[in-house]
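Participant: Structure file data.cif, mmCIF, C-alpha atoms, is pasted below:
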```
data_data
#
loop_
_atom_site.label_atom_id
_atom_site.label_comp_id
_atom_site.auth_asym_id
_atom_site.auth_seq_id
_atom_site.Cartn_x
_atom_site.Cartn_y
_atom_site.Cartn_z
CA MET A 1 -29.78 -17.35 42.88
CA THR A 2 -26.71 -17.28 40.67
CA THR A 3 -27.02 -15.40 37.38
CA THR A 4 -25.12 -16.82 34.43
CA LEU A 5 -24.10 -15.14 31.21
CA LEU A 6 -26.92 -16.90 29.38
CA ASP A 7 -29.47 -15.75 31.96
CA ASP A 8 -28.47 -12.08 31.74
CA PRO A 9 -30.03 -10.38 28.71
CA GLY A 10 -27.66 -7.42 29.13
CA VAL A 11 -24.60 -9.51 28.29
CA ASP A 12 -23.41 -9.61 24.66
CA ASP A 13 -22.06 -13.13 24.16
CA LEU A 14 -20.13 -12.11 21.06
CA ASP A 15 -18.73 -9.00 22.79
CA HIS A 16 -19.60 -6.72 19.87
CA ALA A 17 -19.31 -3.63 22.08
CA GLY A 18 -15.84 -4.70 23.22
CA HIS A 19 -14.75 -5.34 19.64
CA ARG A 20 -16.02 -1.94 18.50
CA GLY A 21 -14.25 -0.26 21.39
CA ARG A 22 -11.00 -2.07 20.58
CA THR A 23 -11.32 -1.07 16.91
CA ARG A 24 -11.89 2.58 17.82
CA TRP A 25 -8.85 2.44 20.09
CA TRP A 26 -6.68 1.06 17.31
CA ILE A 27 -7.92 3.59 14.76
CA GLY A 28 -7.48 6.52 17.14
CA GLY A 29 -4.05 5.36 18.31
CA LEU A 30 -2.76 4.71 14.80
CA THR A 31 -4.09 8.05 13.55
CA ALA A 32 -2.29 9.88 16.37
CA ALA A 33 0.89 7.85 15.77
CA LEU A 34 0.76 8.62 12.05
CA GLY A 35 0.35 12.34 12.67
CA LEU A 36 3.30 12.32 15.07
CA ALA A 37 5.40 10.29 12.62
CA VAL A 38 4.66 12.75 9.81
CA VAL A 39 5.83 15.71 11.89
CA LEU A 40 8.96 13.96 13.17
CA ALA A 41 9.86 12.55 9.73
CA ALA A 42 9.54 16.00 8.14
CA GLY A 43 12.15 17.29 10.57
CA LEU A 44 14.71 14.49 10.19
CA GLY A 45 17.52 14.55 7.66
CA PRO A 46 20.92 16.12 7.01
CA VAL A 47 19.43 19.38 8.31
CA THR A 48 17.41 18.63 11.46
CA VAL A 49 14.38 20.84 12.08
CA PRO A 50 12.68 20.74 15.53
CA PRO A 51 9.12 19.32 15.57
CA MET A 52 7.55 22.55 16.78
CA THR A 53 9.24 24.45 13.96
CA VAL A 54 7.92 21.87 11.51
CA LEU A 55 4.40 22.40 12.87
CA ARG A 56 4.72 26.18 12.58
CA ILE A 57 6.00 25.91 9.00
CA ILE A 58 3.13 23.62 8.03
CA GLY A 59 0.67 25.93 9.79
CA GLY A 60 2.15 28.95 8.06
CA HIS A 61 1.57 27.41 4.64
CA THR A 62 -1.87 25.94 5.36
CA VAL A 63 -3.67 28.44 7.59
CA GLY A 64 -1.43 31.49 7.12
CA LEU A 65 -0.11 31.75 10.68
CA PRO A 66 1.90 33.35 12.20
CA ASP A 67 2.45 36.81 10.72
CA THR A 68 6.16 36.77 11.59
CA ALA A 69 8.21 33.65 10.94
CA ASP A 70 10.89 32.58 13.41
CA TRP A 71 12.47 30.06 11.05
CA SER A 72 14.87 30.52 8.16
CA THR A 73 14.03 30.50 4.47
CA ALA A 74 16.19 27.38 4.07
CA GLN A 75 14.23 25.54 6.78
CA ASP A 76 10.97 26.58 5.15
CA SER A 77 12.04 25.27 1.75
CA ILE A 78 13.46 22.01 3.12
CA VAL A 79 10.37 21.19 5.17
CA TRP A 80 7.58 22.42 2.90
CA LEU A 81 8.97 21.78 -0.57
CA VAL A 82 11.03 18.62 0.04
CA ARG A 83 10.18 16.68 3.18
CA VAL A 84 6.45 17.19 3.71
CA PRO A 85 5.56 16.07 0.15
CA ARG A 86 7.87 13.08 0.53
CA VAL A 87 6.39 12.04 3.87
CA LEU A 88 2.81 12.46 2.67
CA LEU A 89 3.55 10.51 -0.50
CA GLY A 90 5.07 7.73 1.59
CA ALA A 91 1.93 7.59 3.71
CA LEU A 92 -0.28 7.40 0.61
CA VAL A 93 1.85 4.68 -1.00
CA GLY A 94 1.90 2.61 2.20
CA ALA A 95 -1.86 2.91 2.63
CA ALA A 96 -2.56 1.95 -0.99
CA LEU A 97 -0.27 -1.09 -0.93
CA ALA A 98 -1.64 -2.33 2.41
CA VAL A 99 -5.27 -1.97 1.34
CA SER A 100 -4.51 -3.63 -2.01
CA GLY A 101 -2.88 -6.55 -0.20
CA ALA A 102 -5.86 -6.98 2.12
CA VAL A 103 -8.29 -6.99 -0.82
CA LEU A 104 -6.23 -9.41 -2.88
CA GLN A 105 -5.84 -11.86 0.01
CA THR A 106 -9.62 -12.00 0.23
CA VAL A 107 -10.22 -12.18 -3.53
CA VAL A 108 -7.70 -14.99 -4.00
CA ARG A 109 -8.37 -16.53 -0.56
CA ASN A 110 -4.64 -16.97 -0.04
CA VAL A 111 -2.64 -15.48 2.82
CA LEU A 112 0.38 -14.94 0.54
CA ALA A 113 -1.43 -12.84 -2.05
CA ASP A 114 -0.24 -9.29 -2.62
CA PRO A 115 0.23 -6.98 -5.64
CA HIS A 116 3.63 -8.56 -6.35
CA ILE A 117 2.41 -12.15 -6.38
CA LEU A 118 -0.52 -11.40 -8.70
CA GLY A 119 1.73 -9.66 -11.22
CA VAL A 120 0.08 -6.24 -10.95
CA THR A 121 3.23 -4.58 -9.60
CA SER A 122 5.38 -6.26 -12.26
CA GLY A 123 3.06 -4.99 -14.99
CA ALA A 124 3.18 -1.45 -13.62
CA SER A 125 6.98 -1.67 -13.37
CA THR A 126 7.26 -2.75 -16.99
CA GLY A 127 5.04 0.10 -18.15
CA ALA A 128 7.09 2.63 -16.20
CA ALA A 129 10.36 1.12 -17.47
CA VAL A 130 9.18 1.54 -21.07
CA TYR A 131 8.66 5.25 -20.45
CA LEU A 132 11.90 5.77 -18.53
CA LEU A 133 14.03 3.93 -21.08
CA PHE A 134 12.33 4.78 -24.36
CA GLY A 135 10.33 7.92 -23.65
CA VAL A 136 10.15 10.48 -26.42
CA THR A 137 11.41 13.20 -24.10
CA ALA A 138 14.43 13.25 -21.87
CA ALA A 139 12.50 14.86 -19.02
CA THR A 140 10.39 12.63 -16.81
CA THR A 141 6.92 13.99 -16.11
CA THR A 142 4.82 12.60 -13.30
CA ALA A 143 1.67 12.42 -15.42
CA ALA A 144 3.33 10.52 -18.28
CA LEU A 145 5.11 8.12 -15.94
CA ALA A 146 1.90 7.51 -14.00
CA ALA A 147 -0.04 6.86 -17.21
CA SER A 148 2.60 4.41 -18.43
CA ALA A 149 2.70 2.56 -15.10
CA PHE A 150 -1.09 2.36 -14.94
CA ALA A 151 -1.21 1.07 -18.51
CA GLY A 152 1.21 -1.69 -17.51
CA ALA A 153 -0.84 -2.55 -14.41
CA LEU A 154 -4.03 -2.61 -16.46
CA ALA A 155 -2.40 -4.83 -19.09
CA ALA A 156 -1.28 -7.24 -16.36
CA THR A 157 -4.80 -7.27 -14.90
CA VAL A 158 -6.44 -7.97 -18.28
CA LEU A 159 -3.93 -10.73 -18.98
CA LEU A 160 -4.60 -12.11 -15.50
CA PHE A 161 -8.31 -12.42 -16.29
CA VAL A 162 -7.70 -13.91 -19.72
CA ILE A 163 -5.39 -16.62 -18.39
CA ALA A 164 -7.45 -17.31 -15.25
CA ARG A 165 -10.68 -17.76 -17.25
CA MET A 166 -9.27 -20.11 -19.88
CA ASN A 167 -11.54 -23.17 -20.11
CA GLY A 168 -13.21 -22.47 -16.81
CA GLN A 169 -14.61 -20.02 -14.28
CA LEU A 170 -12.66 -17.33 -12.47
CA THR A 171 -11.59 -19.16 -9.30
CA SER A 172 -9.15 -18.24 -6.55
CA LEU A 173 -6.64 -20.93 -7.50
CA ARG A 174 -6.70 -19.92 -11.18
CA LEU A 175 -6.15 -16.29 -10.24
CA LEU A 176 -3.17 -17.14 -8.04
CA LEU A 177 -1.49 -19.39 -10.61
CA ALA A 178 -2.14 -16.89 -13.41
CA GLY A 179 -0.77 -14.06 -11.27
CA VAL A 180 2.49 -15.87 -10.55
CA THR A 181 2.89 -16.60 -14.27
CA ILE A 182 2.20 -13.00 -15.25
CA GLY A 183 4.63 -11.71 -12.63
CA TYR A 184 7.44 -13.77 -14.13
CA ILE A 185 6.52 -12.65 -17.66
CA PHE A 186 6.58 -8.95 -16.86
CA ALA A 187 9.69 -9.24 -14.67
CA ALA A 188 11.50 -10.86 -17.59
CA ALA A 189 10.20 -8.15 -19.93
CA THR A 190 11.52 -5.41 -17.63
CA SER A 191 14.92 -7.08 -17.38
CA PHE A 192 15.07 -7.38 -21.17
CA LEU A 193 14.20 -3.70 -21.61
CA VAL A 194 17.01 -2.69 -19.26
CA PHE A 195 19.42 -4.97 -21.14
CA ALA A 196 18.33 -3.69 -24.56
CA SER A 197 18.49 -0.01 -23.67
CA ASP A 198 21.44 1.98 -25.04
CA ARG A 199 21.09 4.62 -22.31
CA PRO A 200 23.20 3.49 -19.30
CA GLU A 201 22.05 6.38 -17.11
CA ALA A 202 18.40 5.61 -17.79
CA ALA A 203 19.01 1.92 -17.06
CA ARG A 204 20.56 2.80 -13.69
CA THR A 205 17.55 5.02 -12.96
CA VAL A 206 15.19 2.14 -13.72
CA LEU A 207 17.14 -0.31 -11.54
CA PHE A 208 17.15 2.10 -8.58
CA TRP A 209 13.48 2.96 -9.14
CA LEU A 210 12.48 -0.71 -9.27
CA LEU A 211 13.75 -1.10 -5.70
CA GLY A 212 11.54 1.76 -4.55
CA SER A 213 12.24 5.39 -3.76
CA LEU A 214 10.34 8.53 -2.76
CA ALA A 215 13.14 10.87 -3.81
CA SER A 216 11.13 12.37 -6.68
CA ALA A 217 8.19 13.36 -4.47
CA GLY A 218 6.61 16.74 -5.08
CA TRP A 219 3.30 18.42 -4.44
CA ALA A 220 2.04 17.55 -7.93
CA SER A 221 2.65 13.82 -7.40
CA VAL A 222 1.12 14.02 -3.92
CA ALA A 223 -2.07 15.61 -5.27
CA THR A 224 -2.44 13.09 -8.11
CA THR A 225 -1.69 10.09 -5.93
CA ALA A 226 -3.97 11.31 -3.14
CA ALA A 227 -6.93 11.59 -5.53
CA VAL A 228 -6.42 8.08 -6.92
CA VAL A 229 -5.73 6.43 -3.55
CA ALA A 230 -8.70 8.14 -1.88
CA ALA A 231 -11.02 7.00 -4.68
CA ALA A 232 -9.69 3.43 -4.53
CA CYS A 233 -9.94 3.20 -0.75
CA LEU A 234 -13.48 4.59 -0.77
CA ALA A 235 -14.48 2.09 -3.47
CA VAL A 236 -13.19 -0.93 -1.55
CA LEU A 237 -14.77 0.34 1.67
CA LEU A 238 -18.12 0.41 -0.12
CA MET A 239 -17.41 -3.17 -1.22
CA ALA A 240 -16.60 -4.29 2.35
CA PRO A 241 -19.82 -6.30 2.96
CA ARG A 242 -19.38 -8.16 -0.33
CA LEU A 243 -15.74 -8.87 0.50
CA ASP A 244 -16.89 -10.28 3.86
CA ALA A 245 -19.29 -12.57 2.02
CA LEU A 246 -16.58 -13.65 -0.43
CA ALA A 247 -14.19 -14.40 2.44
CA ALA A 248 -16.78 -16.82 3.85
CA GLY A 249 -16.69 -18.88 0.64
CA GLU A 250 -18.23 -18.73 -2.81
CA ASP A 251 -21.27 -20.79 -1.87
CA THR A 252 -21.97 -18.57 1.13
CA ALA A 253 -21.51 -15.46 -1.01
CA ARG A 254 -24.03 -16.71 -3.58
CA THR A 255 -26.48 -17.54 -0.80
CA LEU A 256 -26.19 -13.93 0.37
CA GLY A 257 -26.85 -12.64 -3.15
CA VAL A 258 -23.23 -11.75 -3.95
CA ALA A 259 -21.75 -12.68 -7.35
CA PRO A 260 -18.15 -13.81 -6.64
CA GLN A 261 -16.86 -13.26 -10.17
CA ARG A 262 -18.26 -9.75 -10.33
CA VAL A 263 -16.71 -8.87 -6.94
CA ARG A 264 -13.35 -10.24 -8.08
CA LEU A 265 -13.54 -8.26 -11.32
CA TRP A 266 -14.22 -4.92 -9.65
CA ALA A 267 -11.75 -5.56 -6.83
CA LEU A 268 -8.92 -6.36 -9.24
CA LEU A 269 -9.66 -3.29 -11.37
CA ILE A 270 -9.56 -1.07 -8.27
CA VAL A 271 -6.31 -2.69 -7.14
CA ALA A 272 -4.79 -2.16 -10.59
CA LEU A 273 -5.69 1.53 -10.42
CA ALA A 274 -4.22 1.98 -6.94
CA VAL A 275 -1.06 -0.04 -7.55
CA GLY A 276 -0.41 1.54 -10.93
CA SER A 277 -0.60 5.03 -9.43
CA VAL A 278 1.74 4.33 -6.49
CA VAL A 279 4.28 2.31 -8.49
CA ALA A 280 4.49 5.24 -10.88
CA VAL A 281 5.68 7.60 -8.15
CA ALA A 282 7.53 5.26 -5.78
CA GLY A 283 8.64 2.19 -7.72
CA ALA A 284 8.07 -1.43 -6.80
CA ILE A 285 8.03 -1.67 -3.00
CA GLY A 286 7.56 -5.15 -1.60
CA PHE A 287 6.28 -6.71 1.64
CA VAL A 288 3.90 -3.86 2.58
CA GLY A 289 0.88 -5.46 0.90
CA LEU A 290 1.85 -8.88 2.23
CA ILE A 291 2.68 -8.21 5.87
CA VAL A 292 0.53 -5.25 6.94
CA PRO A 293 -2.91 -6.90 6.37
CA HIS A 294 -1.89 -9.83 8.59
CA VAL A 295 -0.86 -7.46 11.37
CA ALA A 296 -4.15 -5.57 10.94
CA ARG A 297 -6.11 -8.82 11.29
CA LEU A 298 -4.32 -9.55 14.55
CA CYS A 299 -5.40 -6.11 15.77
CA VAL A 300 -9.08 -5.90 14.72
CA GLY A 301 -10.06 -9.21 13.14
CA GLY A 302 -11.14 -10.00 9.60
CA THR A 303 -14.24 -7.80 9.12
CA HIS A 304 -13.29 -5.73 6.10
CA ARG A 305 -14.74 -2.39 7.13
CA GLN A 306 -12.38 -2.29 10.12
CA LEU A 307 -9.60 -4.30 8.47
CA LEU A 308 -9.23 -1.94 5.50
CA VAL A 309 -9.10 1.21 7.66
CA VAL A 310 -6.52 -0.24 10.06
CA SER A 311 -4.49 -1.67 7.16
CA ALA A 312 -4.36 1.76 5.53
CA LEU A 313 -3.18 3.43 8.75
CA LEU A 314 -0.61 0.71 9.52
CA GLY A 315 0.70 0.74 5.95
CA ALA A 316 1.05 4.52 5.97
CA LEU A 317 2.83 4.51 9.34
CA PHE A 318 5.14 1.66 8.32
CA LEU A 319 6.27 3.29 5.07
CA VAL A 320 6.80 6.72 6.65
CA ILE A 321 9.13 5.15 9.23
CA ALA A 322 10.83 2.97 6.60
CA ASP A 323 11.52 6.01 4.42
CA VAL A 324 13.13 7.85 7.33
CA ALA A 325 15.44 4.87 7.79
CA ALA A 326 16.17 4.73 4.05
CA ARG A 327 17.38 8.32 3.90
CA THR A 328 19.15 8.59 7.28
CA VAL A 329 20.86 5.27 8.08
CA PHE A 330 23.60 5.69 5.45
CA ALA A 331 23.30 9.48 4.97
CA PRO A 332 24.18 11.23 2.72
CA ARG A 333 23.56 8.12 0.58
CA GLU A 334 19.99 6.90 0.30
CA LEU A 335 18.98 3.27 0.52
CA PRO A 336 16.33 1.99 -1.90
CA LEU A 337 13.09 1.82 0.03
CA GLY A 338 12.42 -1.78 -1.03
CA ILE A 339 15.56 -2.92 0.79
CA VAL A 340 14.30 -1.43 4.06
CA THR A 341 10.81 -2.89 3.75
CA ALA A 342 12.27 -6.31 2.91
CA ALA A 343 14.68 -6.15 5.85
CA VAL A 344 11.76 -5.47 8.21
CA GLY A 345 9.10 -7.50 6.41
CA ALA A 346 10.99 -10.79 6.06
CA PRO A 347 11.49 -11.30 9.84
CA LEU A 348 7.87 -10.28 10.45
CA LEU A 349 6.73 -12.85 7.91
CA LEU A 350 8.70 -15.55 9.73
CA VAL A 351 7.06 -14.54 13.03
CA LEU A 352 3.62 -14.71 11.41
CA ILE A 353 4.42 -18.15 9.95
CA ARG A 354 5.38 -19.43 13.38
CA ARG A 355 2.18 -17.96 14.83
CA LEU A 356 0.06 -19.62 12.12
CA ARG A 357 1.72 -22.98 12.74
CA ALA A 358 1.15 -22.68 16.48
CA SER A 359 -2.55 -21.82 16.09
#
```
Can the structure in the file be given as structure tokens, please?
Facilitator:
Amino acid sequence: MTTTLLDDPGVDDLDHAGHRGRTRWWIGGLTAALGLAVVLAAGLGPVTVPPMTVLRIIGGHTVGLPDTADWSTAQDSIVWLVRVPRVLLGALVGAALAVSGAVLQTVVRNVLADPHILGVTSGASTGAAVYLLFGVTAATTTAALAASAFAGALAATVLLFVIARMNGQLTSLRLLLAGVTIGYIFAAATSFLVFASDRPEAARTVLFWLLGSLASAGWASVATTAAVVAAACLAVLLMAPRLDALAAGEDTARTLGVAPQRVRLWALLIVALAVGSVVAVAGAIGFVGLIVPHVARLCVGGTHRQLLVVSALLGALFLVIADVAARTVFAPRELPLGIVTAAVGAPLLLVLIRRLRAS
């Protein structure tokens, strides 16, 4: 007698076990790749440091080993004080932008949604530009810049809700249209601030910063950003089941006891917090929040608990590699990070468009 799949109770028709195994493989592989990328990136630059030396330097500062160092003081300072903070900050920024993009694409139910399109990045950029151009002190402090950028992101988020809820409920289409409008408003405001400033050097700093850079990375900015990004990622992971329900449609979400407007409210506030913190330390970096979630969906599907973790790892890996390219391709000059991400992201977006049209 022939046994079919339907006759065999041991067969999982939906292949949940296979999907879980594939997800674990992706998470494990990306974690290992990210760790390797961090070590290699910390050793690359005008002064090349071998990977094993990088590992020993990191180990010497974290666990106190070994007792005798076989590397120079210059290598120690370059790796531990300059490159490791920069690489870790790049990983945090990439993870935050990718997770924010994945959340926004679900909240707005539009594959083109990302922090740029909804105006959150533009608001954070305007807030940071106000501080850089018209700050009361000449010195730039990470805390003050972060607070200014977050205030701009929060203002953009509040304005987004006000416009989207005019004469109606908070729907995906209203959010998208309001976000595009707000993005243009804040972009124009930033351009006007640069034009109106009587400090040419500060204006050049703003223009370079708006294209994205990790050059100002330090351990203080890494610690602050890590705390904010970790809290934001944990919050959206706890929201994963509700985001799954929202992705299935508003009617389905209500049937499952999920309030769509409340989910959108909390999701956008979390995104504003994450984006404001990373824009403050790295500038406005595009394409990460748009492209990476689509790649993550191709890897593990659309279930948010897996999607958000893989998006974070992919975003971190992508930005670490992009930053290495930004500071080495035209060394000793440094490319703005946004140029590198756009150069890689635009072709990837075209490939994804072709794939969507073919499916």
Participant: Need to verify the contact set: Arg109 of chain A, 9 Å, all atoms listed in the file, exclusion of same-chain residues closer than 3 positions in sequence. Can you return it as an NGL selection string?
Facilitator: :A and (104-106 or 112-113 or 172-173 or 246-247 or 249)
Participant: Report, in Å to a single decimal, how far apart atom CA of His294 of chain A and atom CA of Gln306 of chain A are.
Facilitator: 13.0 Å
Participant: Check which residues of segment 187-270 of chain A sit at most 8 Å from segment 98-103 of chain A using only C-alpha atoms, and return one row each with the closest pair of atoms and their distance in Å to one decimal, ordered by chain and rising number, as a Markdown table.
Facilitator:
```
| residue | atom | partner | partner_atom | distance |
| --- | --- | --- | --- | --- |
| A:Cys233 | CA | A:Val99 | CA | 7.3 |
| A:Val236 | CA | A:Val103 | CA | 7.8 |
| A:Leu243 | CA | A:Val103 | CA | 7.8 |
| A:Ala267 | CA | A:Val103 | CA | 7.1 |
```
Participant: Have a look at atom CA of Val292 of chain A and atom CA of Thr205 of chain A and let me know their distance in Å, one decimal.
Facilitator: 28.1 Å
Participant: Near His116 of chain A, within 8 Å and counting only C-alpha atoms, which residues show up once chain neighbours fewer than 5 positions away are dropped, as number ranges by chain?
Facilitator: A: 121-122, 183, 286
Participant: Apply the PyMOL selection byres ((chain A and resi 71-75) around 12) to the file shown and report the selected residues as a PyMOL selection string.
Facilitator: chain A and resi 42-58+60+66+68-70+76-84
Participant: Would you write out those residues with C-alpha atoms, as an mmCIF file, keeping the file's coordinate frame?
Facilitator:
```cif
data_model
loop_
_atom_site.group_PDB
_atom_site.id
_atom_site.type_symbol
_atom_site.label_atom_id
_atom_site.label_comp_id
_atom_site.auth_asym_id
_atom_site.auth_seq_id
_atom_site.Cartn_x
_atom_site.Cartn_y
_atom_site.Cartn_z
ATOM 1 C CA ALA A 42 9.540 16.000 8.140
ATOM 2 C CA GLY A 43 12.150 17.290 10.570
ATOM 3 C CA LEU A 44 14.710 14.490 10.190
ATOM 4 C CA GLY A 45 17.520 14.550 7.660
ATOM 5 C CA PRO A 46 20.920 16.120 7.010
ATOM 6 C CA VAL A 47 19.430 19.380 8.310
ATOM 7 C CA THR A 48 17.410 18.630 11.460
ATOM 8 C CA VAL A 49 14.380 20.840 12.080
ATOM 9 C CA PRO A 50 12.680 20.740 15.530
ATOM 10 C CA PRO A 51 9.120 19.320 15.570
ATOM 11 C CA MET A 52 7.550 22.550 16.780
ATOM 12 C CA THR A 53 9.240 24.450 13.960
ATOM 13 C CA VAL A 54 7.920 21.870 11.510
ATOM 14 C CA LEU A 55 4.400 22.400 12.870
ATOM 15 C CA ARG A 56 4.720 26.180 12.580
ATOM 16 C CA ILE A 57 6.000 25.910 9.000
ATOM 17 C CA ILE A 58 3.130 23.620 8.030
ATOM 18 C CA GLY A 60 2.150 28.950 8.060
ATOM 19 C CA PRO A 66 1.900 33.350 12.200
ATOM 20 C CA THR A 68 6.160 36.770 11.590
ATOM 21 C CA ALA A 69 8.210 33.650 10.940
ATOM 22 C CA ASP A 70 10.890 32.580 13.410
ATOM 23 C CA ASP A 76 10.970 26.580 5.150
ATOM 24 C CA SER A 77 12.040 25.270 1.750
ATOM 25 C CA ILE A 78 13.460 22.010 3.120
ATOM 26 C CA VAL A 79 10.370 21.190 5.170
ATOM 27 C CA TRP A 80 7.580 22.420 2.900
ATOM 28 C CA LEU A 81 8.970 21.780 -0.570
ATOM 29 C CA VAL A 82 11.030 18.620 0.040
ATOM 30 C CA ARG A 83 10.180 16.680 3.180
ATOM 31 C CA VAL A 84 6.450 17.190 3.710
#
```
Participant: For atom CA of Ile27 of chain A and atom CA of Gly94 of chain A, quote the distance in Å rounded to one decimal.
Facilitator: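 For atom CA of Ile27 of chain A relative to atom CA of Gly94 of chain A, the distance reads 16.0 Å.
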Participant: Would you kindly return, as a list of chain:residue names, each protein, DNA or RNA residue with an atom no farther than 10 Å from any atom of Tyr184 of chain A, considering only C-alpha atoms and excluding same-chain residues fewer than 6 positions away?
Facilitator: A:Ile117, A:Leu118, A:Gly119, A:Ser122, A:Gly123, A:Thr190
Participant: Looking at all atoms listed in the file, which of A:Leu92, A:Ile285, A:Ala149, A:Leu211 is the one that sits closest to Ala230 of chain A?
Facilitator: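 The answer is A:Leu92, which sits nearest to Ala230 of chain A.
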Participant: Any chance you could work out the residue set of the PyMOL selection byres ((chain A and resi 219) around 10) here, as a ChimeraX atom specification?
Facilitator: /A:80-82,84-86,88-89,217-218,220-225
